[in-house]
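Novice: Below is a structure I'd like to ask you about.
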Amino acid sequence: MASNRLAEETSPYLLLHKENPVHWFAWGPEAFQEAEATGKPILLSIGYTACHWCHVMNKESFADADTAALMNDLYVNVKVDREERPDIDQLYQSAAQMMGYQGGWPLTMFLTARGEPFFAGGYFPNEERFGQPPFKRVLEDVSRKFREQGDVVTNDAARISEVLGQQWTRDLRGPFDPRLLDVLSVHVAQRFDVFYGGLTGAPKFPNVPLIEVLWRGFQRTGAPQFPQLVQTTLDTMCLSGIYDHIGGGFHRYTVDERWLVPHFEKMLYDNALMVELLATISQHNRAPLYRARIDETVNWVLREMMVGDAFASAIDADVNGEEGAYYIWTEAEIDATLMGTFAQRFKDVYQVRAEGNFNGRTILMRTGPFPYPLPEADEALLKRQRELLLAARQQTRTAPLRDDKVLADCNGMMIAALTHAGTAFPNPAWVQAAAKAFAFVVKAMGEGDRLHHSWRDGRRGHAGFAEDYAQMARAALALWEATGEKHYLDHAKKWALVLNEHFWDGQFGGYCQTPDDGAPLLHRVRTVFDQASMSANGTMIGVLTRLGLATGETGYRERAGGIVNAFAGQLGQSFLAMGSYLNGLETLMAGLQIVIVGPKDSAKTHELISAVMGRSLPNRLMMVVAPDETLPETHPAFGKKMENGQPTAYVCQHQNCSAPISNAVTLSQVLQLPPRPPQSTRPQ
């Protein structure tokens with residue numbers, strides 16, 4: 001008997017639809033068998049918990065009895081959480097774009113019983129609006145075409161599927177010139193908004209890998225245009241509405257070019273990438289604004305995103321169907337909450353007005369005439385006022401839904417970010433939190449050498465994707481560098497081996513998103529493009545390079561070079577989607593290894609470590625070697641000893657090492673990069 005089958009799922013997004021009158025299937029063979037048996041097409045709906053328009057379509061259509069009856073009569077209906085199944089989402093987003101739809105969420109796809117797409121769309125309103133047809137009409141029209149023009153639909157679907165398959169299996173190799181790195185960095189800079197930062201136009205996403213491309217361009221060349229664009233971007237983001245000034249953390253994107261009006265969802269991966277990037281820049285310019293945002297964002301993560309020792313994936317944008325309701329304020333609410341604390345000062349700094357700036361209320365921001373930071377007494381007052389507003393928000397408002405599933409790749413990103421920030425400032429508690437999260441993922445989501453992608457309520461989800469192994473390997477290397485504990489290095493090596501054995505494309509190179517022993521989809525995706533977060537292939541160039549530096553084994557570097565070659569033919573036309581690839585490429589070309597030989601409990605050793613951690617060195621790998629430890633003969637620091645019985649550092653690059661350095665100040669000077677950009681200020 002037909003029914004809604006989502007009650008047994010663990011995904012919070014799927015569970016939001018368990019009471020729908022729609023007879024939802026989760027993705028799986030049962031749905032396709034049902035489509036084959038009944039002769040109905042499949043309606044595939046892909047979304048995620050924090051998606052505003054997904055909630056709108058759920059309320060308008062999926063919860064509506066008449067619409068659901070039409071769906072049940074005409075289709076086999078399948079619901080997918082795109083965070084839980086990024087492989088399905090990637091496949092059909094690409095198909096939608098190929099069919100003329102720009103993509104995004106919710107994604108509404110119509111498939112044959114073989115999973116071949118033949119019609120694509122997104123959010124459909126329940127009644128005609130802004131030229132969009134109502135969803136019921138779409139359901140009827142697509143079904144009619146499927147029934148009455150079956151041969152045409154079948155042929156079109158087969159053709160679309162064939163072209164889609166060619167997208168993932170074509171040869172993307174091409175000639176590569178190392179000088180392209182500087183050229184493409186300039187091309188990226190030319191696409192950035194000189195007034196507000198970020199890629200020109202709206203909407204605006206953080207796009208951290210591309211900001212890092214610019215930062216690395218500065219470090220290579222010293223050209224002042226690069227740090228100016230980085231500073232403009234980060235200053236504006238840190239002071240504008242995309243940042244939650246009360247609770248900490250960055251929203252996913254803004255709908256305008258000035259970073260003022262956000263889409264209010266908060267994603268773990270965005271905040272991980274922002275914390276790590278801000279820490280990297282702070283190591284160079286010591287900007288108090290960036291340090292404050294790191295502290296506040298990490299505090300938010302540790303306060304609101306913990307699931308056991310790991311981290312939840314996202315927080316919704318909506319409360320009771322109203323987007324941003326949790327985060328925006330009326331002037332009267334500010335006055336009442338801050339009564340007796342010089343509320344007018346807060347309203348002036350955060351631009352609170354009676355008329356508001358968003359639907360009659362105010363999105364808080366610090367982009368007005370006041371510089372950052374204000375005098376110490378003013379900042380102390382503002383901090384106390386923000387604490388009062390946070391307490392009021394938590395006590396009097398309904399919090400948005402938290403998607404508490406644990407994702408291996410997103411946790412890997414936050415583990416790396418906490419480790420990097422915790423060693424840069426330093427803050428041992430952040431490194432400890434990262435280590436606990438790492439242990440959680442290994443225990444709860446590991447199975448032998450393999451990983452699962454998701455976990456919730458004690459249940460593991462789908463088998464791990466390439467991104468899970470790549471980000472957890474990167475996290476393992478960060479913790480190994482920070483703690484010196486060998487088991488982290490062993491995990492990184494183990495996960496790299498799984499990728500090589502089960503994900504590598506033997507014909508053209510590069511890692512596929514899914515393993516060779518996984519449940520097959522219509523096509524097996526192989527991509528280098530960054531999506532919402534960094535691509536596995538781009539990430540693994542840097543991971544493999546660092547593994548090669550750490551172990552002295554040349555095979556890692558060769559595999560990293562294999563990834564570079566596998567996608568080099570895409571650089572000319574697609575570089576804006578290849579930020580992590582470009583950053584990994586620079587690490588491969590200019591990886592810098594700092595080897596410190598000395599007792600790990602020596603104060604002098606820690607002085608040398610602090611000198612390294614105090615510099616912004618994105619290509620860095622640091623390792624501490626005990627005096628009696630022997631490195632492999634293939635390692636450039638093989639045979640290096642302490643100088644005059646003192647802990648000693650060696651800076652190695654391209655298999656050559658510097659003279660011994662036993663003074664921390666000298667080491668810091670050796671690692672000095674181009675002159676610092678001006679101190680961070682408010683955007684003009």
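Residue names in the structure tokens use chain letters A, B, ... in the order shown, residue numbers from 1 in each chain, and ligand numbers from 1 in the order shown.
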Using the chain letters and numbers from this document, which residues of range 439-469 of chain A does DSSP assign to alpha helix (DSSP H), as a list in words?

Specialist: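 After running DSSP on the backbone, range 439-469 of chain A has alpha helix (DSSP H) at Ala439, Phe440, Val441, Val442, Lys443, Ala444, Met445, Ala466, Glu467, Asp468 and Tyr469 of chain A.
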
Novice: Take the residues from that selection and write them out as a PDB file, in the first residue's frame, keeping N, CA and C atoms.

Specialist:
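The result, stored in again_28.pdb:
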```pdb
ATOM      1  N   ALA A 439      38.346  12.409  17.031  1.00  0.00           N
ATOM      2  CA  ALA A 439      38.140  11.093  17.636  1.00  0.00           C
ATOM      3  C   ALA A 439      36.697  10.638  17.473  1.00  0.00           C
ATOM      4  N   PHE A 440      35.747  11.564  17.578  1.00  0.00           N
ATOM      5  CA  PHE A 440      34.339  11.222  17.397  1.00  0.00           C
ATOM      6  C   PHE A 440      34.094  10.679  15.992  1.00  0.00           C
ATOM      7  N   VAL A 441      34.586  11.394  14.978  1.00  0.00           N
ATOM      8  CA  VAL A 441      34.367  10.959  13.596  1.00  0.00           C
ATOM      9  C   VAL A 441      34.988   9.588  13.358  1.00  0.00           C
ATOM     10  N   VAL A 442      36.207   9.388  13.858  1.00  0.00           N
ATOM     11  CA  VAL A 442      36.885   8.105  13.649  1.00  0.00           C
ATOM     12  C   VAL A 442      36.091   6.964  14.293  1.00  0.00           C
ATOM     13  N   LYS A 443      35.600   7.191  15.504  1.00  0.00           N
ATOM     14  CA  LYS A 443      34.890   6.126  16.222  1.00  0.00           C
ATOM     15  C   LYS A 443      33.479   5.915  15.694  1.00  0.00           C
ATOM     16  N   ALA A 444      32.734   7.009  15.527  1.00  0.00           N
ATOM     17  CA  ALA A 444      31.319   6.892  15.172  1.00  0.00           C
ATOM     18  C   ALA A 444      31.102   6.661  13.687  1.00  0.00           C
ATOM     19  N   MET A 445      32.014   7.166  12.846  1.00  0.00           N
ATOM     20  CA  MET A 445      31.781   7.149  11.404  1.00  0.00           C
ATOM     21  C   MET A 445      32.821   6.341  10.644  1.00  0.00           C
ATOM     22  N   ALA A 466      34.514  11.069  -1.714  1.00  0.00           N
ATOM     23  CA  ALA A 466      35.902  11.513  -1.809  1.00  0.00           C
ATOM     24  C   ALA A 466      36.144  12.724  -0.916  1.00  0.00           C
ATOM     25  N   GLU A 467      35.158  13.623  -0.828  1.00  0.00           N
ATOM     26  CA  GLU A 467      35.315  14.819  -0.004  1.00  0.00           C
ATOM     27  C   GLU A 467      35.518  14.466   1.466  1.00  0.00           C
ATOM     28  N   ASP A 468      34.870  13.404   1.940  1.00  0.00           N
ATOM     29  CA  ASP A 468      35.026  13.005   3.337  1.00  0.00           C
ATOM     30  C   ASP A 468      36.464  12.588   3.627  1.00  0.00           C
ATOM     31  N   TYR A 469      37.029  11.764   2.759  1.00  0.00           N
ATOM     32  CA  TYR A 469      38.407  11.315   2.952  1.00  0.00           C
ATOM     33  C   TYR A 469      39.381  12.475   2.809  1.00  0.00           C
TER      34      TYR A 469
END
```

Novice: Write out, as JSON lines, each residue of range 113-206 of chain A that has an atom at most 10 Å from range 52-56 of chain A, together with the closest pair of atoms and their distance in Å to one decimal, counting only C-alpha atoms, rows going by chain and rising number.

Specialist:
```
{"residue": "A:Gly122", "atom": "CA", "partner": "A:Trp53", "partner_atom": "CA", "distance": 9.3}
{"residue": "A:Tyr123", "atom": "CA", "partner": "A:Trp53", "partner_atom": "CA", "distance": 6.7}
{"residue": "A:Phe124", "atom": "CA", "partner": "A:Trp53", "partner_atom": "CA", "distance": 9.5}
{"residue": "A:Pro125", "atom": "CA", "partner": "A:Val56", "partner_atom": "CA", "distance": 8.5}
{"residue": "A:Asn126", "atom": "CA", "partner": "A:Val56", "partner_atom": "CA", "distance": 9.7}
```

Novice: Would you write out those residues with N, CA and C atoms, as a short mmCIF file (atom, residue, chain, number, x, y, z; two decimals), in the first residue's frame?

Specialist:
```cif
data_model
loop_
_atom_site.label_atom_id
_atom_site.label_comp_id
_atom_site.auth_asym_id
_atom_site.auth_seq_id
_atom_site.Cartn_x
_atom_site.Cartn_y
_atom_site.Cartn_z
N GLY A 122 12.95 24.14 -10.42
CA GLY A 122 13.35 24.40 -9.04
C GLY A 122 12.14 24.58 -8.16
N TYR A 123 12.04 25.75 -7.54
CA TYR A 123 10.85 26.08 -6.77
C TYR A 123 9.71 26.41 -7.73
N PHE A 124 8.58 25.77 -7.53
CA PHE A 124 7.37 26.10 -8.27
C PHE A 124 6.32 26.59 -7.27
N PRO A 125 5.71 27.75 -7.49
CA PRO A 125 4.70 28.26 -6.56
C PRO A 125 3.41 27.44 -6.67
N ASN A 126 2.55 27.61 -5.69
CA ASN A 126 1.28 26.87 -5.72
C ASN A 126 0.25 27.56 -6.62
#
```

Novice: Run DSSP on the backbone and give me the residues of range 55-143 of chain A it puts in strand (DSSP E), as an mmCIF file with N, CA and C atoms, in the first residue's frame.

Specialist:
```
data_model
loop_
_atom_site.group_PDB
_atom_site.id
_atom_site.type_symbol
_atom_site.label_atom_id
_atom_site.label_comp_id
_atom_site.auth_asym_id
_atom_site.auth_seq_id
_atom_site.Cartn_x
_atom_site.Cartn_y
_atom_site.Cartn_z
ATOM 1 N N VAL A 76 6.042 8.593 -9.002
ATOM 2 C CA VAL A 76 6.727 7.990 -7.865
ATOM 3 C C VAL A 76 7.618 9.094 -7.304
ATOM 4 N N ASN A 77 7.376 9.479 -6.060
ATOM 5 C CA ASN A 77 7.976 10.685 -5.498
ATOM 6 C C ASN A 77 9.151 10.340 -4.587
ATOM 7 N N VAL A 78 10.295 10.965 -4.841
ATOM 8 C CA VAL A 78 11.536 10.658 -4.122
ATOM 9 C C VAL A 78 12.087 11.946 -3.522
ATOM 10 N N LYS A 79 12.393 11.907 -2.230
ATOM 11 C CA LYS A 79 12.962 13.055 -1.520
ATOM 12 C C LYS A 79 14.417 12.780 -1.169
ATOM 13 N N VAL A 80 15.290 13.764 -1.413
ATOM 14 C CA VAL A 80 16.722 13.621 -1.152
ATOM 15 C C VAL A 80 17.227 14.827 -0.387
ATOM 16 N N ASP A 81 17.993 14.569 0.659
ATOM 17 C CA ASP A 81 18.732 15.605 1.382
ATOM 18 C C ASP A 81 20.069 15.770 0.671
ATOM 19 N N LEU A 107 15.619 21.612 -5.901
ATOM 20 C CA LEU A 107 15.739 21.144 -7.278
ATOM 21 C C LEU A 107 14.623 20.134 -7.517
ATOM 22 N N THR A 108 13.859 20.363 -8.571
ATOM 23 C CA THR A 108 12.754 19.473 -8.925
ATOM 24 C C THR A 108 13.063 18.843 -10.268
ATOM 25 N N MET A 109 13.309 17.542 -10.268
ATOM 26 C CA MET A 109 13.686 16.823 -11.483
ATOM 27 C C MET A 109 12.666 15.735 -11.784
ATOM 28 N N PHE A 110 12.442 15.517 -13.068
ATOM 29 C CA PHE A 110 11.558 14.438 -13.510
ATOM 30 C C PHE A 110 12.407 13.423 -14.261
ATOM 31 N N LEU A 111 12.322 12.146 -13.822
ATOM 32 C CA LEU A 111 13.204 11.104 -14.312
ATOM 33 C C LEU A 111 12.402 9.936 -14.865
ATOM 34 N N PRO A 117 17.136 11.935 -16.516
ATOM 35 C CA PRO A 117 16.315 13.143 -16.405
ATOM 36 C C PRO A 117 15.732 13.560 -17.753
ATOM 37 N N PHE A 118 14.518 14.083 -17.718
ATOM 38 C CA PHE A 118 13.929 14.600 -18.964
ATOM 39 C C PHE A 118 13.265 15.969 -18.784
ATOM 40 N N PHE A 119 13.125 16.447 -17.545
ATOM 41 C CA PHE A 119 12.604 17.795 -17.316
ATOM 42 C C PHE A 119 13.163 18.293 -15.986
ATOM 43 N N ALA A 120 13.541 19.597 -15.947
ATOM 44 C CA ALA A 120 14.177 20.147 -14.751
ATOM 45 C C ALA A 120 13.522 21.447 -14.343
ATOM 46 N N GLY A 121 13.469 21.688 -13.050
ATOM 47 C CA GLY A 121 12.974 22.946 -12.513
ATOM 48 C C GLY A 121 13.451 23.111 -11.083
#
```

Novice: In Å, how far is it from CA of Asn656 in chain A to CA of Pro636 in chain A?

Specialist: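 CA of Pro636 in chain A lies 6.1 Å from CA of Asn656 in chain A.
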
Novice: Would you pick out the contacts of Leu91 in chain A at 10 Å or less, using only C-alpha atoms, so that residues sharing its chain but fewer than 4 positions from it are not included, and give the list as a CSV table (one decimal) with N, CA and C atoms, in the first residue's frame?

Specialist:
```
chain,number,residue,atom,x,y,z
A,86,PRO,N,25.3,14.1,-1.5
A,86,PRO,CA,25.9,15.1,-2.4
A,86,PRO,C,26.2,14.5,-3.8
A,87,ASP,N,26.3,13.2,-3.9
A,87,ASP,CA,26.5,12.6,-5.2
A,87,ASP,C,25.3,12.7,-6.1
A,95,ALA,N,22.8,18.0,-14.6
A,95,ALA,CA,21.8,17.7,-15.6
A,95,ALA,C,20.9,18.9,-15.8
A,96,ALA,N,20.4,19.5,-14.7
A,96,ALA,CA,19.5,20.6,-14.8
A,96,ALA,C,20.2,21.8,-15.5
A,164,LEU,N,25.4,13.9,-20.4
A,164,LEU,CA,25.8,14.1,-19.0
A,164,LEU,C,27.0,13.2,-18.7
A,165,GLY,N,26.9,11.9,-19.2
A,165,GLY,CA,28.0,11.0,-18.9
A,165,GLY,C,29.3,11.5,-19.5
A,168,TRP,N,31.4,13.8,-17.4
A,168,TRP,CA,32.2,13.2,-16.3
A,168,TRP,C,33.4,12.3,-16.8
A,521,LEU,N,25.3,5.0,-9.5
A,521,LEU,CA,24.3,5.9,-10.0
A,521,LEU,C,24.3,5.9,-11.5
A,522,LEU,N,23.5,6.8,-12.0
A,522,LEU,CA,23.4,6.9,-13.5
A,522,LEU,C,24.7,7.1,-14.1
A,523,HIS,N,25.6,8.0,-13.5
A,523,HIS,CA,26.9,8.2,-13.9
A,523,HIS,C,27.8,8.5,-12.6
A,524,ARG,N,29.1,8.2,-12.8
A,524,ARG,CA,30.0,8.4,-11.7
A,524,ARG,C,30.7,9.8,-11.9
A,525,VAL,N,30.5,10.7,-10.9
A,525,VAL,CA,31.0,12.1,-11.1
A,525,VAL,C,32.5,12.1,-10.8
```

Novice: Might you pull out every residue within 7 Å of Val261 in chain A, with only C-alpha atoms counted and same-chain residues fewer than 6 positions away left off, and present them as a ChimeraX atom specification?

Specialist: /A:241-242,254-255

Novice: Write out, as a compact mmCIF listing (two decimals), in the first residue's frame, the residues just selected, with C-alpha atoms.

Specialist:
```txt
# COMPACT_ATOMS: atom_id res chain seq x y z
CA GLY A 241 24.99 41.98 7.65
CA ILE A 242 26.38 38.64 6.48
CA THR A 254 23.87 37.92 0.78
CA VAL A 255 21.33 38.79 -1.88
```

Novice: Expressed in Å to a single decimal, how great is the separation between CA of Pro371 in chain A and CA of His251 in chain A?

Specialist: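 Here the two named atoms are 22.8 Å from each other.
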
Novice: With only C-alpha atoms as the counted atoms, please give the residues lying no more than 9 Å from Tyr488 in chain A, apart from itself and same-chain residues fewer than 5 positions off, as a list in words.

Specialist: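 So, after excluding close chain neighbours, the residues are Ala473, Ala475, Ala476, Leu477, Ala478, Leu479, Trp480, Glu481, Thr483 and Lys493 of chain A.
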
Novice: Any chance you can output those residues with N, CA and C atoms as a tab-separated table (two decimals), in the first residue's frame?

Specialist:
```tsv
chain	number	residue	atom	x	y	z
A	473	ALA	N	41.51	13.75	5.96
A	473	ALA	CA	42.97	13.61	5.84
A	473	ALA	C	43.64	14.96	6.07
A	475	ALA	N	42.45	17.37	7.91
A	475	ALA	CA	42.33	17.61	9.35
A	475	ALA	C	43.37	16.82	10.13
A	476	ALA	N	43.59	15.57	9.73
A	476	ALA	CA	44.57	14.73	10.40
A	476	ALA	C	45.96	15.33	10.32
A	477	LEU	N	46.33	15.85	9.16
A	477	LEU	CA	47.64	16.47	9.00
A	477	LEU	C	47.76	17.73	9.86
A	478	ALA	N	46.68	18.50	9.96
A	478	ALA	CA	46.71	19.70	10.81
A	478	ALA	C	46.95	19.32	12.26
A	479	LEU	N	46.26	18.29	12.74
A	479	LEU	CA	46.44	17.86	14.13
A	479	LEU	C	47.82	17.24	14.35
A	480	TRP	N	48.33	16.51	13.36
A	480	TRP	CA	49.68	15.96	13.48
A	480	TRP	C	50.71	17.08	13.60
A	481	GLU	N	50.55	18.09	12.80
A	481	GLU	CA	51.47	19.22	12.84
A	481	GLU	C	51.39	19.93	14.19
A	483	THR	N	50.24	18.66	17.18
A	483	THR	CA	50.50	17.85	18.38
A	483	THR	C	51.71	16.94	18.26
A	493	LYS	N	47.55	9.00	5.97
A	493	LYS	CA	48.10	8.05	4.99
A	493	LYS	C	47.07	6.99	4.63
```

Novice: Fewer than 2 positions away in the same chain doesn't count, so skip those; otherwise give me all residues within 8 Å of Ala354 in chain A, counting only C-alpha atoms, as a PyMOL selection string.

Specialist: chain A and resi 330-332+352+356+360-361

Novice: If we count only C-alpha atoms and set the cut-off at 7 Å, which residues sit around Asp403 in chain A, ignoring sequence neighbours fewer than 6 positions away in its own chain? Please answer as a PyMOL selection string.

Specialist: chain A and resi 12+49+312-315

Novice: When you count only C-alpha atoms, which of these residues is closest to Met57 in chain A: A:Pro373, A:Gly321, A:Gly131, A:Pro41?

Specialist: A:Gly321

Novice: Between A:Trp495, A:Tyr581, A:Tyr269, A:Tyr350, which is the closest to His245 in chain A once you count only C-alpha atoms?

Specialist: A:Tyr350

Novice: Measuring between only C-alpha atoms, which one of A:Leu180, A:Ala336, A:Ala69, A:Met99 shows the shortest distance to Ile160 in chain A?

Specialist: A:Met99
